[in-house]
$ cat coords18.txt   # compact mmCIF, C-alpha atoms
# COMPACT_ATOMS: atom_id res chain seq x y z
CA MET A 1 -10.76 13.50 -12.89
CA SER A 2 -7.90 12.80 -15.29
CA ALA A 3 -6.85 9.23 -15.82
CA HIS A 4 -3.18 10.19 -15.56
CA GLN A 5 -1.06 12.26 -13.25
CA LEU A 6 2.47 13.55 -13.48
CA HIS A 7 4.32 12.82 -10.25
CA ILE A 8 7.17 15.15 -9.28
CA ASP A 9 9.94 13.59 -7.17
CA TRP A 10 11.00 16.69 -5.24
CA THR A 11 14.07 14.94 -3.89
CA LEU A 12 15.45 14.85 -7.46
CA CYS A 13 14.07 18.03 -9.10
CA THR A 14 16.62 20.84 -9.50
CA ALA A 15 14.40 23.33 -11.33
CA SER A 16 15.84 22.85 -14.80
CA GLY A 17 12.47 24.04 -16.09
CA ALA A 18 12.07 21.68 -19.07
CA CYS A 19 8.68 20.46 -17.88
CA ILE A 20 7.44 24.02 -17.39
CA GLU A 21 8.23 24.81 -21.03
CA LEU A 22 6.63 21.62 -22.30
CA LEU A 23 3.47 21.92 -20.22
CA PRO A 24 2.80 25.68 -20.02
CA ASP A 25 -0.93 25.18 -19.40
CA LEU A 26 -0.33 22.91 -16.43
CA LEU A 27 2.86 24.16 -14.81
CA THR A 28 4.30 27.55 -13.94
CA ALA A 29 7.57 28.41 -12.24
CA ASP A 30 7.41 29.19 -8.52
CA ASP A 31 9.56 31.88 -6.85
CA TRP A 32 12.64 29.66 -7.20
CA GLY A 33 11.99 28.13 -10.63
CA PHE A 34 10.48 24.83 -9.52
CA PRO A 35 7.42 23.54 -11.38
CA PHE A 36 4.23 24.75 -9.70
CA SER A 37 0.74 23.35 -9.96
CA ALA A 38 -2.06 24.09 -7.52
CA ALA A 39 -2.46 20.30 -7.33
CA GLY A 40 0.90 20.03 -5.54
CA THR A 41 3.01 16.93 -6.21
CA ASP A 42 0.69 14.87 -8.43
CA VAL A 43 -0.44 16.98 -11.39
CA PRO A 44 -3.58 15.73 -13.21
CA ILE A 45 -2.87 15.40 -16.93
CA PRO A 46 -5.82 15.83 -19.33
CA GLY A 47 -5.85 13.51 -22.35
CA GLY A 48 -4.81 16.28 -24.73
CA SER A 49 -1.57 16.89 -22.80
CA LEU A 50 -0.57 13.26 -22.44
CA ASP A 51 2.02 13.32 -25.25
CA ASP A 52 3.62 16.49 -23.88
CA ALA A 53 3.71 14.95 -20.43
CA ARG A 54 5.45 11.83 -21.80
CA LEU A 55 7.99 14.08 -23.49
CA ALA A 56 8.55 15.97 -20.22
CA VAL A 57 9.24 12.67 -18.44
CA ARG A 58 11.79 11.73 -21.12
CA LEU A 59 13.47 15.13 -21.23
CA CYS A 60 13.76 15.81 -17.51
CA PRO A 61 17.53 15.87 -16.96
CA ARG A 62 17.12 14.63 -13.39
CA LEU A 63 14.58 11.87 -14.17
CA ALA A 64 12.41 13.50 -11.51
CA LEU A 65 9.09 12.97 -13.29
CA ARG A 66 6.95 9.95 -13.83
CA LEU A 67 3.58 9.45 -15.40
CA GLU A 68 1.18 7.39 -13.33
CA SER A 69 -2.40 6.37 -13.59
CA ALA A 70 -4.31 8.61 -11.20
CA LYS A 71 -4.90 6.87 -7.88
CA ARG A 72 -4.75 7.29 -4.17
CA SER A 73 -1.29 8.24 -3.03
CA PRO A 74 0.46 5.67 -0.83
CA GLN A 75 -0.16 6.28 2.88
CA MET B 1 -0.98 -19.48 29.89
CA SER B 2 1.22 -18.74 26.92
CA GLU B 3 2.74 -15.33 26.23
CA PRO B 4 0.66 -13.15 23.89
CA TRP B 5 3.23 -13.27 21.10
CA GLU B 6 2.71 -17.05 21.03
CA TRP B 7 -1.02 -16.65 20.33
CA PRO B 8 -2.48 -17.29 16.87
CA PRO B 9 -1.96 -14.24 14.62
CA GLU B 10 -5.69 -14.09 13.78
CA GLN B 11 -6.50 -13.71 17.48
CA LEU B 12 -3.98 -10.87 17.89
CA ARG B 13 -5.35 -9.10 14.83
CA ALA B 14 -8.94 -9.50 16.09
CA GLU B 15 -8.07 -7.95 19.49
CA ILE B 16 -6.37 -4.95 17.88
CA LYS B 17 -9.23 -4.43 15.47
CA ALA B 18 -11.74 -4.60 18.35
CA SER B 19 -9.70 -2.06 20.33
CA GLY B 20 -9.93 0.64 17.64
CA LEU B 21 -6.36 1.70 18.51
CA LEU B 22 -4.97 4.63 16.53
CA GLY B 23 -1.20 5.07 16.04
CA ARG B 24 0.45 7.29 18.65
CA GLY B 25 3.22 8.77 16.49
CA GLY B 26 1.21 11.73 15.21
CA ALA B 27 -0.68 10.60 12.11
CA GLY B 28 -3.32 8.69 14.09
CA PHE B 29 -3.83 5.93 11.51
CA PRO B 30 -5.85 2.86 12.64
CA VAL B 31 -3.35 0.18 13.65
CA TRP B 32 -5.41 -2.77 12.38
CA ARG B 33 -5.55 -1.22 8.90
CA LYS B 34 -1.78 -0.79 8.89
CA TRP B 35 -1.46 -4.46 9.83
CA GLU B 36 -3.86 -5.50 7.08
CA SER B 37 -1.82 -3.56 4.53
CA MET B 38 1.04 -6.03 5.08
CA PRO B 39 0.79 -8.54 2.21
CA ALA B 40 0.40 -12.26 2.83
CA ARG B 41 3.72 -14.10 2.73
CA ARG B 42 2.80 -16.08 -0.31
CA LEU B 43 1.89 -13.00 -2.37
CA VAL B 44 3.82 -13.23 -5.61
CA GLY B 45 6.12 -10.31 -6.35
CA THR B 46 6.82 -9.33 -2.75
CA SER B 47 9.73 -10.43 -0.61
CA ARG B 48 8.96 -13.20 1.89
CA ARG B 49 10.76 -11.36 4.64
CA ARG B 50 8.63 -9.15 6.90
CA VAL B 51 10.02 -6.27 9.00
CA VAL B 52 8.64 -4.44 12.03
CA ILE B 53 10.31 -1.27 13.32
CA GLY B 54 9.55 0.40 16.64
CA ASN B 55 10.21 4.12 16.38
CA GLY B 56 11.18 5.85 19.62
CA ALA B 57 13.06 8.79 18.08
CA GLU B 58 10.92 11.77 18.89
CA GLY B 59 11.61 14.19 16.07
CA GLU B 60 9.12 16.60 17.61
CA PRO B 61 11.47 18.70 19.79
CA LEU B 62 8.91 19.42 22.51
CA SER B 63 7.74 15.83 22.86
CA ARG B 64 9.04 13.87 25.84
CA LYS B 65 6.46 11.09 26.09
CA ASP B 66 8.40 8.41 24.22
CA ALA B 67 11.57 9.12 26.20
CA VAL B 68 9.63 8.81 29.47
CA LEU B 69 7.88 5.63 28.30
CA LEU B 70 11.14 3.97 27.22
CA GLN B 71 12.79 4.74 30.55
CA ARG B 72 9.86 3.66 32.71
CA ASP B 73 8.43 0.73 30.82
CA PRO B 74 10.83 -0.67 28.22
CA HIS B 75 9.37 -4.17 28.57
CA GLN B 76 5.90 -3.07 27.55
CA VAL B 77 7.38 -1.63 24.34
CA ILE B 78 9.32 -4.85 23.72
CA ASP B 79 6.16 -6.92 24.35
CA GLY B 80 4.27 -4.83 21.80
CA LEU B 81 7.01 -5.29 19.23
CA LEU B 82 6.96 -9.08 19.74
CA VAL B 83 3.15 -9.16 19.50
CA THR B 84 3.15 -7.08 16.33
CA ALA B 85 5.81 -9.27 14.74
CA ALA B 86 3.73 -12.37 15.56
CA ALA B 87 0.56 -10.81 14.17
CA VAL B 88 2.09 -9.91 10.80
CA HIS B 89 4.52 -12.87 10.55
CA ALA B 90 7.59 -10.64 10.75
CA ASP B 91 11.05 -12.17 11.09
CA GLU B 92 13.08 -8.98 11.39
CA LEU B 93 12.60 -6.67 14.38
CA HIS B 94 14.20 -3.29 14.98
CA LEU B 95 14.01 -0.52 17.55
CA HIS B 96 15.02 2.98 16.46
CA LEU B 97 15.93 5.09 19.50
CA ASP B 98 17.60 8.20 20.79
CA GLU B 99 20.97 7.69 22.40
CA ALA B 100 19.49 8.42 25.84
CA ALA B 101 17.25 5.33 25.69
CA GLU B 102 19.85 2.90 24.38
CA ALA B 103 21.29 1.72 27.69
CA THR B 104 17.87 1.04 29.25
CA LEU B 105 16.62 -0.86 26.22
CA SER B 106 19.74 -2.89 25.74
CA ARG B 107 19.61 -3.94 29.40
CA ALA B 108 15.93 -4.84 29.03
CA LEU B 109 16.62 -6.93 25.92
CA GLN B 110 19.35 -8.87 27.70
CA GLN B 111 16.86 -9.87 30.39
CA ARG B 112 14.73 -11.89 28.00
CA PRO B 113 15.84 -14.51 25.48
CA GLU B 114 12.76 -14.16 23.24
CA ALA B 115 13.79 -10.54 22.57
CA SER B 116 17.34 -11.34 21.49
CA ARG B 117 16.43 -10.98 17.81
CA ILE B 118 15.47 -7.31 18.29
CA ARG B 119 18.18 -5.00 16.99
CA LEU B 120 18.75 -1.49 18.35
CA HIS B 121 19.57 1.51 16.17
CA ARG B 122 20.53 5.00 17.25
CA SER B 123 18.58 7.82 15.60
CA ALA B 124 19.99 10.92 13.98
CA LYS B 125 18.57 13.71 16.07
CA SER B 126 16.51 15.87 13.75
CA PHE B 127 12.89 16.75 13.08
CA VAL B 128 12.49 14.89 9.79
CA SER B 129 14.54 11.83 10.86
CA GLY B 130 11.55 10.51 12.82
CA GLU B 131 9.40 10.35 9.67
CA SER B 132 8.81 6.69 8.89
CA SER B 133 10.48 6.60 5.45
CA ALA B 134 13.50 8.37 7.01
CA VAL B 135 13.66 5.72 9.76
CA ILE B 136 13.57 2.96 7.15
CA GLY B 137 16.34 4.74 5.20
CA ALA B 138 18.54 5.12 8.28
CA ILE B 139 18.21 1.48 9.41
CA GLY B 140 18.94 0.41 5.84
CA GLY B 141 22.28 2.22 6.11
CA GLY B 142 21.34 5.35 4.15
CA PRO B 143 20.80 8.92 5.28
CA ALA B 144 17.91 9.56 7.67
CA PHE B 145 15.97 11.54 5.09
CA PRO B 146 12.42 11.08 3.87
CA THR B 147 12.18 9.55 0.41
CA ASP B 148 9.79 9.92 -2.49
CA ARG B 149 7.74 6.80 -1.94
CA ARG B 150 6.89 4.90 -5.10
CA LEU B 151 5.35 2.12 -3.06
CA PRO B 152 4.02 2.10 0.48
CA ALA B 153 6.46 0.65 3.05
CA SER B 154 4.03 -2.20 3.69
CA ILE B 155 4.82 -3.41 0.17
CA SER B 156 8.43 -2.28 -0.18
CA GLY B 157 10.14 -0.85 2.88
CA LEU B 158 13.45 -1.79 4.52
CA ARG B 159 15.75 -3.14 1.76
CA GLY B 160 12.60 -3.81 -0.32
CA HIS B 161 10.90 -5.99 2.31
CA PRO B 162 7.33 -5.28 3.46
CA THR B 163 7.79 -3.09 6.55
CA LEU B 164 5.63 -1.84 9.37
CA VAL B 165 6.76 1.18 11.41
CA HIS B 166 5.06 1.85 14.74
CA ASN B 167 5.70 4.53 17.32
CA VAL B 168 6.87 3.01 20.64
CA GLU B 169 3.77 4.20 22.52
CA THR B 170 1.66 2.42 19.90
CA LEU B 171 3.63 -0.76 20.70
CA SER B 172 3.04 -0.37 24.43
CA ARG B 173 -0.71 0.09 23.81
CA ILE B 174 -0.72 -3.07 21.67
CA SER B 175 0.79 -4.92 24.59
CA GLN B 176 -1.89 -3.55 26.94
CA ILE B 177 -4.67 -4.45 24.50
CA VAL B 178 -3.74 -8.11 24.19
CA ARG B 179 -3.58 -8.37 27.98
CA MET B 180 -6.82 -6.50 28.83
CA GLY B 181 -8.80 -7.34 25.69
CA GLY B 182 -9.62 -5.13 22.74
CA ASN B 183 -13.23 -4.58 23.80
CA ARG B 184 -12.28 -3.26 27.22
CA PHE B 185 -9.66 -0.95 25.68
CA SER B 186 -12.22 0.40 23.24
CA LEU B 187 -14.40 1.65 26.12
CA ILE B 188 -11.68 4.02 27.38
CA GLY B 189 -11.50 7.49 25.82
CA THR B 190 -13.83 8.18 22.88
CA PRO B 191 -15.11 5.89 20.10
CA GLN B 192 -13.05 7.86 17.53
CA ASP B 193 -9.88 7.67 19.63
CA PRO B 194 -9.98 4.89 22.20
CA GLY B 195 -7.54 4.09 24.96
CA PRO B 196 -5.17 6.13 27.10
CA HIS B 197 -2.73 8.62 25.55
CA LEU B 198 0.58 9.99 26.76
CA LEU B 199 0.73 13.78 26.44
CA THR B 200 3.61 16.23 26.78
CA VAL B 201 2.59 19.64 28.12
CA GLN B 202 5.06 22.46 27.53
CA ARG B 203 4.68 25.91 29.05
CA PRO B 204 6.56 28.84 27.54
CA GLY B 205 6.42 31.79 29.89
CA HIS B 206 5.27 29.62 32.79
CA ARG B 207 7.47 28.19 35.49
CA GLY B 208 8.64 24.64 35.42
CA ALA B 209 9.72 21.81 33.16
CA PRO B 210 7.54 20.05 30.57
CA VAL B 211 5.14 17.52 32.03
CA VAL B 212 4.35 14.08 30.62
CA LEU B 213 1.00 12.74 31.73
CA GLU B 214 -1.54 10.13 30.72
CA SER B 215 -5.00 11.19 29.64
CA THR B 216 -7.70 10.26 27.14
CA ALA B 217 -9.60 11.87 24.28
CA ASN B 218 -12.49 12.31 26.73
CA ALA B 219 -10.50 14.97 28.56
CA SER B 220 -10.74 18.65 27.74
CA LEU B 221 -7.85 21.06 27.33
CA VAL B 222 -8.74 22.56 30.72
CA ASP B 223 -8.53 19.08 32.32
CA VAL B 224 -5.10 18.50 30.79
CA LEU B 225 -3.76 21.89 31.89
CA PHE B 226 -4.92 21.28 35.46
CA GLY B 227 -3.35 17.84 35.29
CA ALA B 228 -0.07 19.44 34.31
CA GLY B 229 -0.28 21.91 37.19
CA ILE B 230 -1.12 24.92 35.04
CA ASP B 231 -3.94 27.32 35.87
CA PRO B 232 -5.99 27.60 32.63
CA ASP B 233 -6.64 31.28 33.45
CA SER B 234 -2.91 31.91 33.11
CA VAL B 235 -2.89 30.66 29.52
CA SER B 236 -3.53 32.94 26.54
CA ALA B 237 -3.15 30.53 23.61
CA VAL B 238 -2.37 26.86 23.07
CA LEU B 239 -0.59 25.05 20.27
CA LEU B 240 -2.16 21.60 19.90
CA GLY B 241 -0.21 18.75 18.34
CA GLY B 242 3.31 20.16 18.27
CA PHE B 243 5.18 22.19 15.66
CA HIS B 244 3.02 20.90 12.82
CA GLY B 245 -0.08 21.47 14.92
CA ARG B 246 -2.73 24.15 15.16
CA TRP B 247 -3.36 27.07 17.48
CA THR B 248 -6.38 27.45 19.69
CA ARG B 249 -7.60 29.95 22.28
CA MET B 250 -8.90 29.38 25.77
CA ASP B 251 -12.54 29.84 24.75
CA GLU B 252 -15.52 27.57 25.44
CA SER B 253 -13.97 24.85 23.22
CA ALA B 254 -11.25 24.41 25.89
CA ARG B 255 -13.86 22.88 28.21
CA LYS B 256 -15.10 20.32 25.67
CA PRO B 257 -13.56 16.87 25.24
CA PHE B 258 -10.84 16.66 22.60
CA GLY B 259 -12.66 13.82 20.86
CA ARG B 260 -9.32 12.99 19.25
CA ILE B 261 -5.94 13.76 20.78
CA PRO B 262 -4.06 16.10 18.41
CA GLY B 263 -0.89 14.81 16.71
CA ALA B 264 1.59 13.06 18.96
CA GLY B 265 0.03 14.67 22.05
CA VAL B 266 2.25 17.74 22.39
CA ILE B 267 0.43 20.67 23.98
CA VAL B 268 2.16 24.05 24.25
CA ALA B 269 0.52 26.47 26.67
CA LEU B 270 1.60 30.10 26.17
CA ALA B 271 1.54 32.59 29.01
CA PRO B 272 -0.14 35.93 28.14
CA GLN B 273 3.17 37.81 28.03
CA VAL B 274 4.40 35.59 25.15
CA CYS B 275 3.29 36.89 21.75
CA PRO B 276 1.80 33.99 19.74
CA LEU B 277 2.97 35.52 16.45
CA ARG B 278 6.51 35.79 17.73
CA TYR B 279 6.36 32.23 19.02
CA THR B 280 5.06 31.09 15.61
CA ALA B 281 7.93 32.95 13.92
CA THR B 282 10.49 31.22 16.15
CA VAL B 283 9.00 27.80 15.48
CA THR B 284 8.76 28.47 11.73
CA ARG B 285 12.43 29.46 11.64
CA TRP B 286 13.33 26.34 13.58
CA LEU B 287 11.32 24.16 11.17
CA ALA B 288 12.96 25.91 8.19
CA ASN B 289 16.39 25.09 9.60
CA GLU B 290 15.33 21.47 10.08
CA ASN B 291 14.46 20.92 6.42
CA ALA B 292 16.52 18.09 4.97
CA GLY B 293 17.74 20.18 2.01
CA GLN B 294 16.34 17.66 -0.45
CA CYS B 295 13.22 19.21 -1.96
CA GLY B 296 13.45 22.65 -3.60
CA PRO B 297 10.15 24.17 -2.46
CA CYS B 298 10.93 23.21 1.14
CA ARG B 299 14.62 24.11 1.01
CA PHE B 300 14.00 27.59 -0.44
CA GLY B 301 10.39 28.16 0.57
CA LEU B 302 10.59 27.51 4.31
CA PRO B 303 13.41 30.01 4.96
CA ASP B 304 11.53 32.66 2.94
CA LEU B 305 8.31 31.85 4.78
CA ALA B 306 10.13 32.05 8.13
CA THR B 307 11.52 35.47 7.19
CA ALA B 308 8.08 36.76 6.19
CA VAL B 309 6.55 35.55 9.48
CA GLN B 310 9.49 37.02 11.39
CA GLU B 311 8.87 40.41 9.78
CA LEU B 312 5.27 40.32 10.93
CA ALA B 313 6.40 39.35 14.43
CA ASP B 314 9.11 42.06 14.49
CA PHE B 315 6.57 44.75 13.66
CA PRO B 316 8.62 47.78 14.81
CA ARG B 317 10.83 47.52 11.77
CA THR B 318 8.91 46.30 8.79
CA ALA B 319 5.34 45.09 9.26
CA ALA B 320 3.19 45.89 6.28
CA ILE B 321 0.22 44.44 4.45
CA GLN B 322 2.84 43.24 1.98
CA ASP B 323 4.16 40.83 4.63
CA ILE B 324 0.75 39.19 4.96
CA GLN B 325 0.49 38.82 1.19
CA ASP B 326 4.01 37.34 1.09
CA ILE B 327 3.08 34.88 3.81
CA HIS B 328 0.00 33.72 1.92
CA ARG B 329 1.89 33.41 -1.36
CA LEU B 330 4.72 31.43 0.25
CA MET B 331 2.35 29.12 2.09
CA GLY B 332 0.78 28.27 -1.27
CA GLN B 333 4.20 27.59 -2.75
CA VAL B 334 5.39 25.14 -0.08
CA SER B 335 2.18 23.33 0.82
CA ARG B 336 1.97 19.74 -0.53
CA ARG B 337 5.22 20.18 -2.45
CA GLY B 338 7.73 17.79 -0.94
CA ALA B 339 8.51 14.13 -0.37
CA CYS B 340 7.21 14.33 3.20
CA PHE B 341 4.71 16.32 5.23
CA HIS B 342 7.26 18.84 6.52
CA PRO B 343 6.53 21.79 4.16
CA THR B 344 2.76 21.23 4.40
CA GLY B 345 2.84 20.92 8.19
CA THR B 346 4.88 24.12 8.48
CA ALA B 347 2.50 26.06 6.20
CA ASN B 348 -0.46 24.73 8.20
CA LEU B 349 1.07 26.05 11.43
CA VAL B 350 1.47 29.54 9.96
CA ALA B 351 -2.03 29.45 8.44
CA SER B 352 -3.44 28.49 11.81
CA ALA B 353 -1.68 31.43 13.53
CA LEU B 354 -3.09 33.93 11.01
CA GLN B 355 -6.54 32.43 11.38
CA MET B 356 -6.57 32.21 15.19
CA PHE B 357 -4.95 35.59 15.95
CA PRO B 358 -6.47 38.13 13.54
CA ASP B 359 -6.54 40.84 16.24
CA GLU B 360 -2.86 40.29 17.01
CA VAL B 361 -2.05 40.46 13.30
CA ASP B 362 -3.98 43.73 12.97
CA ALA B 363 -2.23 45.10 16.05
CA HIS B 364 1.18 44.21 14.65
CA LEU B 365 0.29 45.88 11.36
CA ALA B 366 -0.74 48.95 13.35
CA GLY B 367 2.56 48.92 15.23
CA ARG B 368 1.43 47.39 18.52
CA CYS B 369 1.65 44.01 20.17
CA THR B 370 -1.23 42.99 22.40
CA ALA B 371 0.96 40.48 24.24
CA THR B 372 3.93 42.67 25.04
CA GLU B 373 2.09 46.01 24.77
CA SER B 374 5.13 47.46 23.10
CA ILE B 375 4.73 50.37 20.75
CA ARG B 376 6.34 50.86 17.37
CA GLU B 377 9.21 53.27 17.63
CA SER B 378 8.72 56.19 15.30
CA ALA B 379 11.34 56.20 12.61
$ encode --input "coords18.txt" --output "structure tokens"
Amino acid sequence: MSAHQLHIDWTLCTASGACIELLPDLLTADDWGFPFSAAGTDVPIPGGSLDDARLAVRLCPRLALRLESAKRSPQ
Amino acid sequence: MSEPWEWPPEQLRAEIKASGLLGRGGAGFPVWRKWESMPARRLVGTSRRRVVIGNGAEGEPLSRKDAVLLQRDPHQVIDGLLVTAAAVHADELHLHLDEAAEATLSRALQQRPEASRIRLHRSAKSFVSGESSAVIGAIGGGPAFPTDRRLPASISGLRGHPTLVHNVETLSRISQIVRMGGNRFSLIGTPQDPGPHLLTVQRPGHRGAPVVLESTANASLVDVLFGAGIDPDSVSAVLLGGFHGRWTRMDESARKPFGRIPGAGVIVALAPQVCPLRYTATVTRWLANENAGQCGPCRFGLPDLATAVQELADFPRTAAIQDIQDIHRLMGQVSRRGACFHPTGTANLVASALQMFPDEVDAHLAGRCTATESIRESA
């Protein structure tokens, strides 16, 4: 279990694709260009990808990403 | 004897915990745990104000139970709201309702001075507007859309205040529990799902209007169908728990107790001449149209998924193995990818249809429909 997860706020994401380019091992584009991970909305980030994930958060033009410590999602 | 909302909060909380009551809005979360998630008033970093919202806006289009409850017993709902507010030290009380219930509730509120602080709000009529974060958004003056929750509503809900949202039937059960005692309530139904439940039974292909009745998790599907005046032998398939529910057949499981009542208690009983795949396609299209347009995978994925399911249902034109593969791929691309449960619930419904009706799927792929016995026209 990774200590960090990348949370995607789907209400903000407009499929600009920056995160998919920065995290090619963790995200692919779905049929419509939105970031896809089998994990769904909270993508586990292994330690080696942490810097790239931080960059993705900074470069997302819609500010739709945030890096969180992995935890239970709010009910 | 004093009114229950004047009792000590610890006593109210103990009764609800003893009752084992689960929420009646669909998610079935234990009510006492929801209450305990409300922070103490002195907790640093949270607002001192506490909010309780009663939600009577049935987003589920086939559900009628909350509408019937609000018409017949508005005071029991009001009692439950007052009790809940007392138990969690709330100062702000709201009721979120469909237009049809407004007059009854506003009359009921005028009859009792202790309820004068309850404010009524009219719901936007849509499927996702009944979701609790959408209700909080609407009462706060925003659009009735689900939001990406950074914090649970019990920490930061309406205008940032700790907020509890309960379905109106949950409130009426709370009122019953404090009057009859949590231990007595816990003996009704099953240990996993105690107390009475309101159910709405719908019957596509059968005669008659939907039926709202009271039952318990001890009842079987056959019991409930009889209770609704439907002969179980005239039913080919049943959707349990509404549009985000799951399909079942009238096999031996239909004679066993539910154990837990599915979802918000909506039961759709199909007559044999209604094709379950076609019904699933219609519901999927309806759910796709009800998406809030906020989250990409839901906004684009649900219409595509609805089209793929429709093509399977409309076998004479297009059915092919490719459709099944498309359906599976699209389910994977919408599931768990949104701010609320809508895309996941829709994918689950489709998955359940494929799983429960493999013979019907094979028949459609072969150009037949076992329900309608129609034959593919040769091109």
$ residues_around --input "coords18.txt" --residues "A:Ile45" --least-positions-apart "6" --cutoff "6 Å" --atoms "all atoms listed in the file" --output "PyMOL selection string"
chain A and resi 2+4-5
$ residues_around --input "coords18.txt" --residues "B:Ile261" --least-positions-apart "4" --cutoff "12 Å" --atoms "only C-alpha atoms" --output "tab-separated table (two decimals) with C-alpha atoms, in the frame of the given file"
chain	number	residue	atom	x	y	z
B	22	LEU	CA	-4.97	4.63	16.53
B	23	GLY	CA	-1.20	5.07	16.04
B	24	ARG	CA	0.45	7.29	18.65
B	25	GLY	CA	3.22	8.77	16.49
B	26	GLY	CA	1.21	11.73	15.21
B	27	ALA	CA	-0.68	10.60	12.11
B	28	GLY	CA	-3.32	8.69	14.09
B	189	GLY	CA	-11.50	7.49	25.82
B	190	THR	CA	-13.83	8.18	22.88
B	192	GLN	CA	-13.05	7.86	17.53
B	193	ASP	CA	-9.88	7.67	19.63
B	194	PRO	CA	-9.98	4.89	22.20
B	195	GLY	CA	-7.54	4.09	24.96
B	196	PRO	CA	-5.17	6.13	27.10
B	197	HIS	CA	-2.73	8.62	25.55
B	198	LEU	CA	0.58	9.99	26.76
B	199	LEU	CA	0.73	13.78	26.44
B	200	THR	CA	3.61	16.23	26.78
B	214	GLU	CA	-1.54	10.13	30.72
B	215	SER	CA	-5.00	11.19	29.64
B	216	THR	CA	-7.70	10.26	27.14
B	217	ALA	CA	-9.60	11.87	24.28
B	218	ASN	CA	-12.49	12.31	26.73
B	219	ALA	CA	-10.50	14.97	28.56
B	220	SER	CA	-10.74	18.65	27.74
B	221	LEU	CA	-7.85	21.06	27.33
B	224	VAL	CA	-5.10	18.50	30.79
B	240	LEU	CA	-2.16	21.60	19.90
B	241	GLY	CA	-0.21	18.75	18.34
B	242	GLY	CA	3.31	20.16	18.27
B	245	GLY	CA	-0.08	21.47	14.92
B	257	PRO	CA	-13.56	16.87	25.24
B	265	GLY	CA	0.03	14.67	22.05
B	266	VAL	CA	2.25	17.74	22.39
B	267	ILE	CA	0.43	20.67	23.98
$ interface_residues --input "coords18.txt" --of "chain A" --to "chain B" --cutoff "6 Å" --atoms "only C-alpha atoms" --output "ChimeraX atom specification"
/A:9-11,40-41,74
$ residues_around --input "coords18.txt" --residues "B:Ala306" --least-positions-apart "5" --cutoff "9 Å" --atoms "only C-alpha atoms" --output "list of chain:residue names"
B:Ala281, B:Thr282, B:Val283, B:Thr284, B:Arg285, B:Trp286, B:Leu287, B:Ala288, B:Gly301, B:Glu311, B:Ile327
$ closest_residue --input "coords18.txt" --among "B:Thr84, B:Thr280, B:Ser63, B:Ser37" --to "B:Trp7" --atoms "all atoms listed in the file"
B:Thr84
$ atom_distance --input "coords18.txt" --atom1 "atom CA of B:Val350" --atom2 "atom CA of B:Val238"
13.9 Å
$ atom_distance --input "coords18.txt" --atom1 "atom CA of B:Thr248" --atom2 "atom CA of B:Thr170"
26.3 Å
$ atom_distance --input "coords18.txt" --atom1 "atom CA of B:Asp362" --atom2 "atom CA of B:Leu305"
19.0 Å
$ residues_around --input "coords18.txt" --residues "A:Glu68" --least-positions-apart "2" --cutoff "9 Å" --atoms "only C-alpha atoms" --output "list in words"
Ala3, His4, Gln5, Leu6, His7, Asp42, Arg66, Ala70 and Lys71 of chain A
$ closest_residue --input "coords18.txt" --among "A:Cys19, A:Leu26, A:Cys13, A:Ile8" --to "A:Arg58" --atoms "all atoms listed in the file"
A:Cys19
$ residues_around --input "coords18.txt" --residues "stretch 368-372 of chain B" --least-positions-apart "5" --cutoff "8 Å" --atoms "only C-alpha atoms" --output "list in words"
Pro272, Gln273, Val274, Cys275, Pro276, Phe315, Glu360 and Ala363 of chain B
$ axis_aligned_box --input "coords18.txt" --around "stretch 37-54 of chain A" --padding-each-side "3 Å" --output "AutoDock Vina command-line options"
--center_x -0.2 --center_y 18.0 --center_z -15.4 --size_x 17.3 --size_y 18.3 --size_z 25.7
$ closest_residue --input "coords18.txt" --among "A:Leu22, A:Leu67, A:Ala29, A:Ala56" --to "A:Pro44" --atoms "all atoms listed in the file"
A:Leu67
$ closest_residue --input "coords18.txt" --among "B:Arg249, B:Gly141, B:Gly59, B:Phe127" --to "B:Ser236" --atoms "only C-alpha atoms"
B:Arg249
